[in-house]
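Colleague: Sending over final_29.cif (mmCIF, C-alpha atoms (C1' of nucleotides)).
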data_data
loop_
_atom_site.group_PDB
_atom_site.id
_atom_site.type_symbol
_atom_site.label_atom_id
_atom_site.label_comp_id
_atom_site.auth_asym_id
_atom_site.auth_seq_id
_atom_site.Cartn_x
_atom_site.Cartn_y
_atom_site.Cartn_z
ATOM 1 C CA MET U 1 14.901 -8.602 -26.479
ATOM 2 C CA ASP U 2 15.063 -10.935 -23.556
ATOM 3 C CA ASP U 3 12.375 -9.893 -21.132
ATOM 4 C CA ASP U 4 13.126 -11.006 -17.603
ATOM 5 C CA LYS U 5 9.612 -11.664 -16.389
ATOM 6 C CA PRO U 6 9.705 -14.284 -13.689
ATOM 7 C CA PRO U 7 8.183 -17.422 -15.196
ATOM 8 C CA ARG U 8 4.619 -17.532 -13.891
ATOM 9 C CA LEU U 9 3.209 -20.872 -12.888
ATOM 10 C CA SER U 10 0.143 -21.772 -14.834
ATOM 11 C CA LYS U 11 -2.138 -24.655 -14.059
ATOM 12 C CA LYS U 12 -1.025 -26.092 -17.355
ATOM 13 C CA ASP U 13 2.713 -25.845 -16.846
ATOM 14 C CA VAL U 14 4.645 -28.957 -17.659
ATOM 15 C CA PHE U 15 7.662 -30.169 -15.757
ATOM 16 C CA LEU U 16 10.426 -32.528 -16.655
ATOM 17 C CA ASN U 17 11.254 -35.175 -14.104
ATOM 18 C CA TYR U 18 13.934 -37.787 -14.156
ATOM 19 C CA LYS U 19 15.266 -40.595 -12.093
ATOM 20 C CA ILE U 20 18.568 -42.384 -12.384
ATOM 21 C CA TRP U 21 19.643 -45.553 -10.659
ATOM 22 C CA LEU U 22 22.330 -48.169 -10.689
ATOM 23 C CA SER U 23 21.635 -51.867 -10.885
ATOM 24 C CA GLY U 24 23.379 -55.185 -11.278
ATOM 25 C CA ILE U 25 22.875 -57.614 -14.163
ATOM 26 C CA THR U 26 20.046 -59.362 -12.368
ATOM 27 C CA GLY U 27 18.052 -56.148 -12.197
ATOM 28 C CA ASP U 28 17.107 -57.078 -8.663
ATOM 29 C CA GLY U 29 17.515 -54.075 -6.420
ATOM 30 C CA MET U 30 18.914 -50.675 -7.199
ATOM 31 C CA ILE U 31 20.993 -47.813 -5.951
ATOM 32 C CA ASP U 32 19.032 -44.640 -6.364
ATOM 33 C CA GLU U 33 18.501 -41.259 -4.781
ATOM 34 C CA THR U 34 17.000 -42.914 -1.712
ATOM 35 C CA THR U 35 20.049 -45.083 -1.211
ATOM 36 C CA TYR U 36 22.296 -42.133 -1.845
ATOM 37 C CA ARG U 37 20.641 -40.012 0.801
ATOM 38 C CA LEU U 38 20.523 -42.883 3.215
ATOM 39 C CA LEU U 39 24.268 -43.336 2.898
ATOM 40 C CA ILE U 40 24.850 -39.634 3.336
ATOM 41 C CA GLU U 41 22.891 -39.725 6.574
ATOM 42 C CA ILE U 42 24.659 -42.826 7.800
ATOM 43 C CA GLY U 43 27.940 -41.043 7.318
ATOM 44 C CA GLU U 44 26.573 -38.070 9.166
ATOM 45 C CA LEU U 45 24.779 -39.818 11.997
ATOM 46 C CA GLY U 46 26.762 -43.004 12.352
ATOM 47 C CA SER U 47 23.619 -45.083 12.528
ATOM 48 C CA LEU U 48 21.410 -46.879 10.053
ATOM 49 C CA LYS U 49 18.384 -46.525 12.267
ATOM 50 C CA ALA U 50 18.906 -42.816 12.758
ATOM 51 C CA ALA U 51 19.435 -42.393 9.032
ATOM 52 C CA ALA U 52 16.215 -44.270 8.275
ATOM 53 C CA ASP U 53 14.318 -42.094 10.727
ATOM 54 C CA VAL U 54 15.664 -38.894 9.231
ATOM 55 C CA GLN U 55 14.789 -40.096 5.738
ATOM 56 C CA LYS U 56 11.388 -41.115 7.011
ATOM 57 C CA ILE U 57 11.603 -44.621 5.657
ATOM 58 C CA SER U 58 11.178 -47.755 7.693
ATOM 59 C CA TYR U 59 14.276 -49.300 9.199
ATOM 60 C CA ARG U 60 13.227 -52.471 7.457
ATOM 61 C CA LYS U 61 13.444 -50.853 4.061
ATOM 62 C CA ALA U 62 16.604 -48.924 4.834
ATOM 63 C CA TRP U 63 18.304 -52.111 5.894
ATOM 64 C CA GLY U 64 17.106 -53.919 2.784
ATOM 65 C CA ASP U 65 18.164 -51.077 0.503
ATOM 66 C CA LEU U 66 21.633 -51.083 1.958
ATOM 67 C CA GLU U 67 21.821 -54.842 1.641
ATOM 68 C CA LYS U 68 20.870 -54.660 -2.030
ATOM 69 C CA ALA U 69 23.309 -51.862 -2.707
ATOM 70 C CA GLU U 70 26.214 -53.818 -1.301
ATOM 71 C CA GLU U 71 25.067 -56.881 -3.188
ATOM 72 C CA ILE U 72 24.996 -54.991 -6.464
ATOM 73 C CA LEU U 73 28.433 -53.496 -5.985
ATOM 74 C CA GLY U 74 29.964 -56.601 -4.520
ATOM 75 C CA TYR U 75 31.627 -54.831 -1.649
ATOM 76 C CA ALA U 76 30.700 -53.278 1.677
ATOM 77 C CA LEU U 77 29.493 -49.717 1.915
ATOM 78 C CA THR U 78 29.264 -49.747 5.683
ATOM 79 C CA ASP U 79 31.066 -51.123 8.692
ATOM 80 C CA LYS U 80 28.408 -52.177 11.136
ATOM 81 C CA GLN U 81 28.770 -52.837 14.818
ATOM 82 C CA ARG U 82 26.138 -54.534 16.927
ATOM 83 C CA GLY U 83 25.931 -54.384 20.685
ATOM 84 C CA GLY U 84 27.694 -52.041 22.995
ATOM 85 C CA LYS U 85 26.254 -49.409 25.258
ATOM 86 C CA ASP U 86 24.518 -47.544 22.454
ATOM 87 C CA GLY U 87 23.337 -50.745 20.826
ATOM 88 C CA GLY U 88 25.598 -50.461 17.840
ATOM 89 C CA ASN U 89 26.494 -48.170 14.970
ATOM 90 C CA SER U 90 27.299 -47.951 11.285
ATOM 91 C CA ALA U 91 30.002 -46.085 9.435
ATOM 92 C CA LEU U 92 30.728 -45.586 5.757
ATOM 93 C CA THR U 93 33.614 -47.409 4.161
ATOM 94 C CA PRO U 94 36.105 -45.550 1.959
ATOM 95 C CA ALA U 95 34.460 -47.276 -0.999
ATOM 96 C CA ALA U 96 31.143 -45.751 0.031
ATOM 97 C CA LEU U 97 32.689 -42.304 0.087
ATOM 98 C CA ARG U 98 33.967 -42.789 -3.431
ATOM 99 C CA LEU U 99 30.587 -44.043 -4.541
ATOM 100 C CA LEU U 100 28.823 -41.047 -3.087
ATOM 101 C CA GLU U 101 31.165 -38.645 -4.752
ATOM 102 C CA ALA U 102 30.849 -40.343 -8.120
ATOM 103 C CA TYR U 103 27.087 -40.589 -7.799
ATOM 104 C CA HIS U 104 26.814 -36.956 -6.898
ATOM 105 C CA ALA U 105 28.801 -35.995 -9.961
ATOM 106 C CA LEU U 106 26.492 -38.162 -12.021
ATOM 107 C CA GLN U 107 23.461 -36.373 -10.674
ATOM 108 C CA GLN U 108 25.080 -33.037 -11.310
ATOM 109 C CA THR U 109 25.762 -33.900 -14.897
ATOM 110 C CA PHE U 110 22.155 -34.916 -15.259
ATOM 111 C CA ASP U 111 20.788 -31.837 -13.605
ATOM 112 C CA ASP U 112 22.738 -29.724 -16.023
ATOM 113 C CA SER U 113 21.816 -31.573 -19.170
ATOM 114 C CA VAL U 114 18.242 -31.870 -18.017
ATOM 115 C CA GLU U 115 17.768 -28.183 -17.693
ATOM 116 C CA GLU U 116 19.343 -27.565 -21.052
ATOM 117 C CA ALA U 117 17.375 -30.284 -22.792
ATOM 118 C CA PHE U 118 14.157 -29.188 -21.198
ATOM 119 C CA ASN U 119 14.604 -25.608 -22.291
ATOM 120 C CA ALA U 120 15.061 -26.792 -25.840
ATOM 121 C CA PHE U 121 12.003 -28.980 -25.414
ATOM 122 C CA LYS U 122 9.809 -26.141 -24.239
ATOM 123 C CA ALA U 123 11.033 -23.909 -27.022
ATOM 124 C CA LYS U 124 9.996 -26.509 -29.566
ATOM 125 C CA LEU U 125 6.625 -26.957 -27.937
ATOM 126 C CA LYS U 126 5.843 -23.319 -27.388
ATOM 127 C CA PRO U 127 4.373 -22.354 -30.800
ATOM 128 C CA GLU U 128 1.197 -24.042 -29.501
ATOM 129 C CA MET Y 1 47.528 -47.199 -24.834
ATOM 130 C CA ASP Y 2 43.851 -47.826 -25.408
ATOM 131 C CA ASP Y 3 43.337 -51.536 -25.467
ATOM 132 C CA ASP Y 4 40.227 -52.529 -27.363
ATOM 133 C CA LYS Y 5 39.244 -55.559 -25.361
ATOM 134 C CA PRO Y 6 35.513 -56.032 -25.581
ATOM 135 C CA PRO Y 7 34.137 -55.122 -22.149
ATOM 136 C CA ARG Y 8 33.573 -58.417 -20.361
ATOM 137 C CA LEU Y 9 30.444 -58.779 -18.295
ATOM 138 C CA SER Y 10 31.149 -59.659 -14.721
ATOM 139 C CA LYS Y 11 28.593 -60.712 -12.171
ATOM 140 C CA LYS Y 12 29.452 -57.518 -10.367
ATOM 141 C CA ASP Y 13 29.026 -55.136 -13.270
ATOM 142 C CA VAL Y 14 26.958 -52.094 -12.547
ATOM 143 C CA PHE Y 15 24.609 -50.471 -14.983
ATOM 144 C CA LEU Y 16 23.146 -47.022 -15.146
ATOM 145 C CA ASN Y 17 19.444 -46.736 -15.771
ATOM 146 C CA TYR Y 18 17.322 -43.674 -16.154
ATOM 147 C CA LYS Y 19 13.790 -42.613 -16.794
ATOM 148 C CA ILE Y 20 12.406 -39.242 -17.756
ATOM 149 C CA TRP Y 21 8.817 -38.097 -17.723
ATOM 150 C CA LEU Y 22 6.692 -34.999 -17.954
ATOM 151 C CA SER Y 23 4.112 -34.026 -15.393
ATOM 152 C CA GLY Y 24 1.794 -31.214 -14.393
ATOM 153 C CA ILE Y 25 1.982 -29.250 -11.142
ATOM 154 C CA THR Y 26 -0.295 -31.699 -9.380
ATOM 155 C CA GLY Y 27 2.102 -34.542 -10.039
ATOM 156 C CA ASP Y 28 -0.881 -36.696 -10.884
ATOM 157 C CA GLY Y 29 -0.186 -38.650 -14.022
ATOM 158 C CA MET Y 30 2.747 -38.461 -16.357
ATOM 159 C CA ILE Y 31 3.896 -38.534 -19.933
ATOM 160 C CA ASP Y 32 6.671 -41.061 -20.267
ATOM 161 C CA GLU Y 33 8.132 -43.533 -22.682
ATOM 162 C CA THR Y 34 4.956 -45.614 -22.531
ATOM 163 C CA THR Y 35 2.807 -42.658 -23.491
ATOM 164 C CA TYR Y 36 5.271 -41.704 -26.181
ATOM 165 C CA ARG Y 37 5.164 -45.120 -27.790
ATOM 166 C CA LEU Y 38 1.431 -45.319 -27.433
ATOM 167 C CA LEU Y 39 1.038 -42.065 -29.319
ATOM 168 C CA ILE Y 40 3.429 -43.220 -32.014
ATOM 169 C CA GLU Y 41 1.326 -46.321 -32.533
ATOM 170 C CA ILE Y 42 -1.911 -44.391 -32.531
ATOM 171 C CA GLY Y 43 -0.508 -42.249 -35.297
ATOM 172 C CA GLU Y 44 0.540 -45.355 -37.152
ATOM 173 C CA LEU Y 45 -2.535 -47.509 -36.607
ATOM 174 C CA GLY Y 46 -5.279 -44.936 -36.233
ATOM 175 C CA SER Y 47 -6.688 -46.716 -33.218
ATOM 176 C CA LEU Y 48 -6.159 -46.540 -29.472
ATOM 177 C CA LYS Y 49 -7.172 -50.140 -29.037
ATOM 178 C CA ALA Y 50 -4.820 -51.365 -31.716
ATOM 179 C CA ALA Y 51 -2.030 -49.254 -30.225
ATOM 180 C CA ALA Y 52 -2.653 -50.702 -26.781
ATOM 181 C CA ASP Y 53 -2.570 -54.215 -28.193
ATOM 182 C CA VAL Y 54 0.698 -53.613 -30.005
ATOM 183 C CA GLN Y 55 2.229 -52.122 -26.878
ATOM 184 C CA LYS Y 56 0.882 -55.032 -24.887
ATOM 185 C CA ILE Y 57 -0.804 -52.875 -22.297
ATOM 186 C CA SER Y 58 -4.452 -53.014 -21.356
ATOM 187 C CA TYR Y 59 -6.827 -50.781 -23.236
ATOM 188 C CA ARG Y 60 -7.915 -49.541 -19.845
ATOM 189 C CA LYS Y 61 -4.451 -48.299 -19.022
ATOM 190 C CA ALA Y 62 -3.798 -46.931 -22.496
ATOM 191 C CA TRP Y 63 -6.990 -44.936 -22.333
ATOM 192 C CA GLY Y 64 -6.131 -43.648 -18.887
ATOM 193 C CA ASP Y 65 -2.602 -42.741 -19.890
ATOM 194 C CA LEU Y 66 -3.847 -40.772 -22.841
ATOM 195 C CA GLU Y 67 -6.441 -39.053 -20.685
ATOM 196 C CA LYS Y 68 -3.781 -38.012 -18.187
ATOM 197 C CA ALA Y 69 -1.430 -36.822 -20.884
ATOM 198 C CA GLU Y 70 -4.043 -34.538 -22.359
ATOM 199 C CA GLU Y 71 -4.968 -33.334 -18.903
ATOM 200 C CA ILE Y 72 -1.363 -32.449 -18.112
ATOM 201 C CA LEU Y 73 -0.829 -30.571 -21.343
ATOM 202 C CA GLY Y 74 -4.230 -28.940 -21.360
ATOM 203 C CA TYR Y 75 -4.949 -29.749 -24.963
ATOM 204 C CA ALA Y 76 -5.967 -32.710 -27.074
ATOM 205 C CA LEU Y 77 -3.409 -35.113 -28.454
ATOM 206 C CA THR Y 78 -5.947 -37.150 -30.355
ATOM 207 C CA ASP Y 79 -9.121 -36.733 -32.312
ATOM 208 C CA LYS Y 80 -11.334 -39.631 -31.379
ATOM 209 C CA GLN Y 81 -14.365 -40.949 -33.209
ATOM 210 C CA ARG Y 82 -16.805 -43.412 -31.738
ATOM 211 C CA GLY Y 83 -19.254 -45.525 -33.721
ATOM 212 C CA GLY Y 84 -19.243 -46.139 -37.404
ATOM 213 C CA LYS Y 85 -18.715 -49.361 -39.237
ATOM 214 C CA ASP Y 86 -15.321 -50.003 -37.749
ATOM 215 C CA GLY Y 87 -16.445 -48.932 -34.309
ATOM 216 C CA GLY Y 88 -14.397 -45.800 -34.236
ATOM 217 C CA ASN Y 89 -10.831 -44.544 -34.542
ATOM 218 C CA SER Y 90 -8.242 -42.165 -33.173
ATOM 219 C CA ALA Y 91 -5.823 -39.841 -34.885
ATOM 220 C CA LEU Y 92 -3.025 -37.613 -33.621
ATOM 221 C CA THR Y 93 -3.514 -33.872 -33.519
ATOM 222 C CA PRO Y 94 -0.833 -31.546 -34.910
ATOM 223 C CA ALA Y 95 0.012 -30.710 -31.291
ATOM 224 C CA ALA Y 96 0.701 -34.378 -30.638
ATOM 225 C CA LEU Y 97 3.082 -34.507 -33.571
ATOM 226 C CA ARG Y 98 5.014 -31.572 -32.161
ATOM 227 C CA LEU Y 99 5.064 -33.180 -28.750
ATOM 228 C CA LEU Y 100 6.424 -36.428 -30.116
ATOM 229 C CA GLU Y 101 9.153 -34.672 -32.002
ATOM 230 C CA ALA Y 102 10.195 -32.609 -28.998
ATOM 231 C CA TYR Y 103 10.045 -35.596 -26.693
ATOM 232 C CA HIS Y 104 12.161 -37.645 -29.010
ATOM 233 C CA ALA Y 105 14.800 -34.932 -29.094
ATOM 234 C CA LEU Y 106 14.710 -34.880 -25.314
ATOM 235 C CA GLN Y 107 15.356 -38.587 -25.134
ATOM 236 C CA GLN Y 108 18.144 -38.312 -27.642
ATOM 237 C CA THR Y 109 19.877 -35.636 -25.632
ATOM 238 C CA PHE Y 110 19.673 -37.865 -22.604
ATOM 239 C CA ASP Y 111 20.906 -40.962 -24.302
ATOM 240 C CA ASP Y 112 23.975 -39.051 -25.364
ATOM 241 C CA SER Y 113 24.773 -37.403 -22.079
ATOM 242 C CA VAL Y 114 24.024 -40.547 -20.124
ATOM 243 C CA GLU Y 115 26.688 -42.589 -21.777
ATOM 244 C CA GLU Y 116 29.219 -39.858 -21.270
ATOM 245 C CA ALA Y 117 28.303 -39.291 -17.639
ATOM 246 C CA PHE Y 118 28.338 -42.974 -16.873
ATOM 247 C CA ASN Y 119 31.784 -43.433 -18.332
ATOM 248 C CA ALA Y 120 33.058 -40.686 -16.075
ATOM 249 C CA PHE Y 121 31.285 -42.339 -13.178
ATOM 250 C CA LYS Y 122 32.890 -45.698 -13.764
ATOM 251 C CA ALA Y 123 36.303 -44.131 -14.154
ATOM 252 C CA LYS Y 124 35.926 -42.489 -10.766
ATOM 253 C CA LEU Y 125 34.788 -45.683 -9.159
ATOM 254 C CA LYS Y 126 37.378 -47.960 -10.730
ATOM 255 C CA PRO Y 127 40.369 -47.441 -8.402
ATOM 256 C CA GLU Y 128 38.596 -49.863 -6.053
ATOM 257 C "C1'" DT H 1 26.158 -60.347 34.704
ATOM 258 C "C1'" DT H 2 22.480 -57.330 33.685
ATOM 259 C "C1'" DT H 3 20.964 -53.769 30.644
ATOM 260 C "C1'" DC H 4 19.992 -51.062 26.680
ATOM 261 C "C1'" DG H 5 19.477 -49.804 22.007
ATOM 262 C "C1'" DA H 6 21.009 -50.686 17.281
ATOM 263 C "C1'" DT H 7 21.688 -54.281 14.061
ATOM 264 C "C1'" DA H 8 19.423 -58.329 11.798
ATOM 265 C "C1'" DT H 9 15.512 -60.731 9.749
ATOM 266 C "C1'" DG H 10 11.025 -63.108 9.022
ATOM 267 C "C1'" DC H 11 6.306 -62.324 8.182
ATOM 268 C "C1'" DA H 12 1.631 -60.353 8.193
ATOM 269 C "C1'" DA H 13 -0.853 -56.177 6.942
ATOM 270 C "C1'" DT H 14 -1.377 -52.339 3.629
ATOM 271 C "C1'" DA H 15 -1.073 -49.314 -0.125
ATOM 272 C "C1'" DA H 16 -0.502 -48.120 -4.930
ATOM 273 C "C1'" DG H 17 -0.463 -49.268 -9.684
ATOM 274 C "C1'" DA H 18 -1.793 -52.146 -13.445
ATOM 275 C "C1'" DG H 19 -4.597 -55.567 -15.368
ATOM 276 C "C1'" DT H 20 -9.150 -57.907 -15.935
ATOM 277 C "C1'" DC H 21 -13.976 -57.965 -16.477
ATOM 278 C "C1'" DA H 22 -18.318 -56.099 -17.397
ATOM 279 C "C1'" DT H 23 -21.159 -52.953 -19.508
ATOM 280 C "C1'" DA H 24 -22.664 -48.728 -21.859
ATOM 281 C "C1'" DT H 25 -22.382 -45.636 -25.787
ATOM 282 C "C1'" DC H 26 -21.829 -44.257 -30.351
ATOM 283 C "C1'" DG H 27 -22.744 -43.974 -35.521
ATOM 284 C "C1'" DA H 28 -21.598 -45.325 -40.461
ATOM 285 C "C1'" DA H 29 -22.762 -48.940 -43.397
ATOM 286 C "C1'" DA H 30 -25.438 -52.833 -44.717
ATOM 287 C "C1'" DT N 1 -33.117 -50.022 -38.019
ATOM 288 C "C1'" DT N 2 -29.944 -53.541 -36.994
ATOM 289 C "C1'" DT N 3 -25.158 -54.528 -36.493
ATOM 290 C "C1'" DC N 4 -20.407 -54.301 -35.287
ATOM 291 C "C1'" DG N 5 -16.279 -52.866 -33.145
ATOM 292 C "C1'" DA N 6 -13.850 -49.010 -30.992
ATOM 293 C "C1'" DT N 7 -14.326 -45.583 -27.559
ATOM 294 C "C1'" DA N 8 -15.580 -44.781 -22.601
ATOM 295 C "C1'" DT N 9 -15.636 -45.916 -17.726
ATOM 296 C "C1'" DG N 10 -16.684 -48.175 -13.248
ATOM 297 C "C1'" DA N 11 -15.342 -51.716 -10.244
ATOM 298 C "C1'" DC N 12 -12.925 -55.571 -8.767
ATOM 299 C "C1'" DT N 13 -8.614 -58.482 -8.798
ATOM 300 C "C1'" DC N 14 -3.732 -59.153 -8.852
ATOM 301 C "C1'" DT N 15 1.014 -57.741 -8.119
ATOM 302 C "C1'" DT N 16 4.551 -55.665 -6.121
ATOM 303 C "C1'" DA N 17 6.526 -52.432 -2.864
ATOM 304 C "C1'" DT N 18 6.594 -50.713 1.657
ATOM 305 C "C1'" DT N 19 5.229 -50.508 6.219
ATOM 306 C "C1'" DG N 20 4.557 -52.371 10.632
ATOM 307 C "C1'" DC N 21 5.265 -55.728 14.088
ATOM 308 C "C1'" DA N 22 7.643 -59.270 16.462
ATOM 309 C "C1'" DT N 23 11.606 -61.290 17.889
ATOM 310 C "C1'" DA N 24 16.544 -62.538 18.091
ATOM 311 C "C1'" DT N 25 21.309 -61.140 18.520
ATOM 312 C "C1'" DC N 26 25.120 -58.609 19.990
ATOM 313 C "C1'" DG N 27 28.539 -56.367 23.313
ATOM 314 C "C1'" DA N 28 30.402 -52.253 25.884
ATOM 315 C "C1'" DA N 29 29.457 -50.089 30.062
ATOM 316 C "C1'" DA N 30 27.367 -49.819 34.500
#
Starting from the file, lay out its structure as structure tokens.
Modeller:
Amino acid sequence: MDDDKPPRLSKKDVFLNYKIWLSGITGDGMIDETTYRLLIEIGELGSLKAAADVQKISYRKAWGDLEKAEEILGYALTDKQRGGKDGGNSALTPAALRLLEAYHALQQTFDDSVEEAFNAFKAKLKPE
Amino acid sequence: MDDDKPPRLSKKDVFLNYKIWLSGITGDGMIDETTYRLLIEIGELGSLKAAADVQKISYRKAWGDLEKAEEILGYALTDKQRGGKDGGNSALTPAALRLLEAYHALQQTFDDSVEEAFNAFKAKLKPE
DNA sequence: TTTCGATATGCAATAAGAGTCATATCGAAA
DNA sequence: TTTCGATATGACTCTTATTGCATATCGAAA
């Protein structure tokens, strides 16, 4: 009795959104999806500036986000070099790699439980 | 081997935060914790203004939030009366009651899975 | 020793969201 | 038919976040 019609999008469809982030006790600053992706790109491109460009956020913000992230955790996420022919570069620390992996797992867990919870939600709401 | 030391708070402790919300396809407006609590209070107090006051948000915002919520869902969450001796009043529709119940269950599911996921996260991060 | 481009950082300009203020509308009860 | 207080809504102000701009610093390679 399970019909497999593809779920049609109606103008009145409702979606569940969520956002998770890490913070320190002060609540000042956070490590969220933006920070996560920024770090991923830094690891990939070896440059904070390049990572900021790819993520389409200002270098100013990217730099600040990274600063906050390291402040919250209390340890460095990147090794940064200034100067040199190419102007400088940034690389992820081993700690950053662990963070990314753990954060990714966290997101995955959420994605899973979100879908499940949302299905239950819609089922409850359905009988208009 | 499980020592029951109360978890000490260090300046470098990290906390997991999350937020969930419902939205329509347009992404304009949302139904979140604020809306949820506002509706609860409306049901309790029979007045949007009173609910806004209790929640310590401006009537302007409360009204707008409610407007958006109903727009997203495509049906009324409140029956509103203007005029009369007491100036008017608001009451929840049966649909609103269902929404609140479903939303609450959604939050509950999250609260549970969050704690679990975060514990796993911290365990992964621990081996500094 | 000059050069080049990324890192580093302050600060003014903007944009987005929420709050404040003002004002209109409504209708049961006095 | 006057009154009172909540609903309704525009418009402006305030806050906070982000962008944008300017400017300094660094150091390997040419």
Colleague: Chain H residues within 9 Å of chain Y, counting all atoms listed in the file: which ones, as a list in words?
Modeller: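 Here is what falls inside 9 Å: DA18, DG19, DT20, DT25, DC26, DG27, DA28 and DA29 of chain H.
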Colleague: Please report, as JSON, the centre and edge lengths in Å to one decimal of an axis-aligned box covering all listed atoms of stretch 70-74 of chain U with 3 Å per side.
Modeller:
{"center_x": 27.5, "center_y": -55.2, "center_z": -3.9, "size_x": 11.0, "size_y": 9.4, "size_z": 11.2}
Colleague: Write out as an NGL selection string which residues come within 9 Å of U:Tyr75 when counting all atoms listed in the file, dropping same-chain ones fewer than 5 positions away.
Modeller: :U and (69-70 or 95)
Colleague: What is the distance between atom CA of Y:Asp112 and atom CA of U:Leu22, in Å to one decimal?
Modeller: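 We find that atom CA of Y:Asp112 and atom CA of U:Leu22 lie 17.4 Å from each other.
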Colleague: Select, as a ChimeraX atom specification, those residues of chain U with any atom no more than 9 Å from chain Y (distances computed using only C-alpha atoms).
Modeller: /U:9-26,71-74,95,98-99,101-103,105-107,109-110,113-114,117-118,120-125,128
Colleague: Distance atom CA of Y:Glu33-atom CA of U:Lys68, one decimal place?
Modeller: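 Taking atom CA of Y:Glu33 as the start and atom CA of U:Lys68 as the end point, the length is 26.7 Å.
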Colleague: Which residues, written as an mmCIF file with C-alpha atoms (C1' of nucleotides), keeping the file's coordinate frame, have at least one atom at most 10 Å from H:DA13, with all atoms listed in the file counted and residues fewer than 4 positions away on the same chain left out?
Modeller:
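The result, written out as around-v8.cif:
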data_model
loop_
_atom_site.group_PDB
_atom_site.id
_atom_site.type_symbol
_atom_site.label_atom_id
_atom_site.label_comp_id
_atom_site.auth_asym_id
_atom_site.auth_seq_id
_atom_site.Cartn_x
_atom_site.Cartn_y
_atom_site.Cartn_z
ATOM 1 C "C1'" DT N 19 5.229 -50.508 6.219
ATOM 2 C "C1'" DG N 20 4.557 -52.371 10.632
ATOM 3 C "C1'" DC N 21 5.265 -55.728 14.088
#
Colleague: I need the chain N residues near chain U as an MDAnalysis selection string; criterion: at most 7 Å, counting all atoms listed in the file.
Modeller: chainID N and resid 19 26:29
Colleague: Would you compute the distance between atom CA of Y:Leu45 and atom CA of Y:Glu67? Give it in Å to one decimal.
Modeller: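 Taking atom CA of Y:Leu45 and atom CA of Y:Glu67, their separation equals 18.4 Å.
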Colleague: What's around Y:Glu44 at 12 Å? Count all atoms listed in the file, leave out sequence neighbours fewer than 2 positions away in its own chain, and write the answer as a list in words.
Modeller: Arg37, Leu38, Leu39, Ile40, Glu41, Ile42, Gly46, Ser47, Leu48, Ala50, Ala51, Val54, Asn89, Ser90, Ala91, Leu92 and Leu97 of chain Y
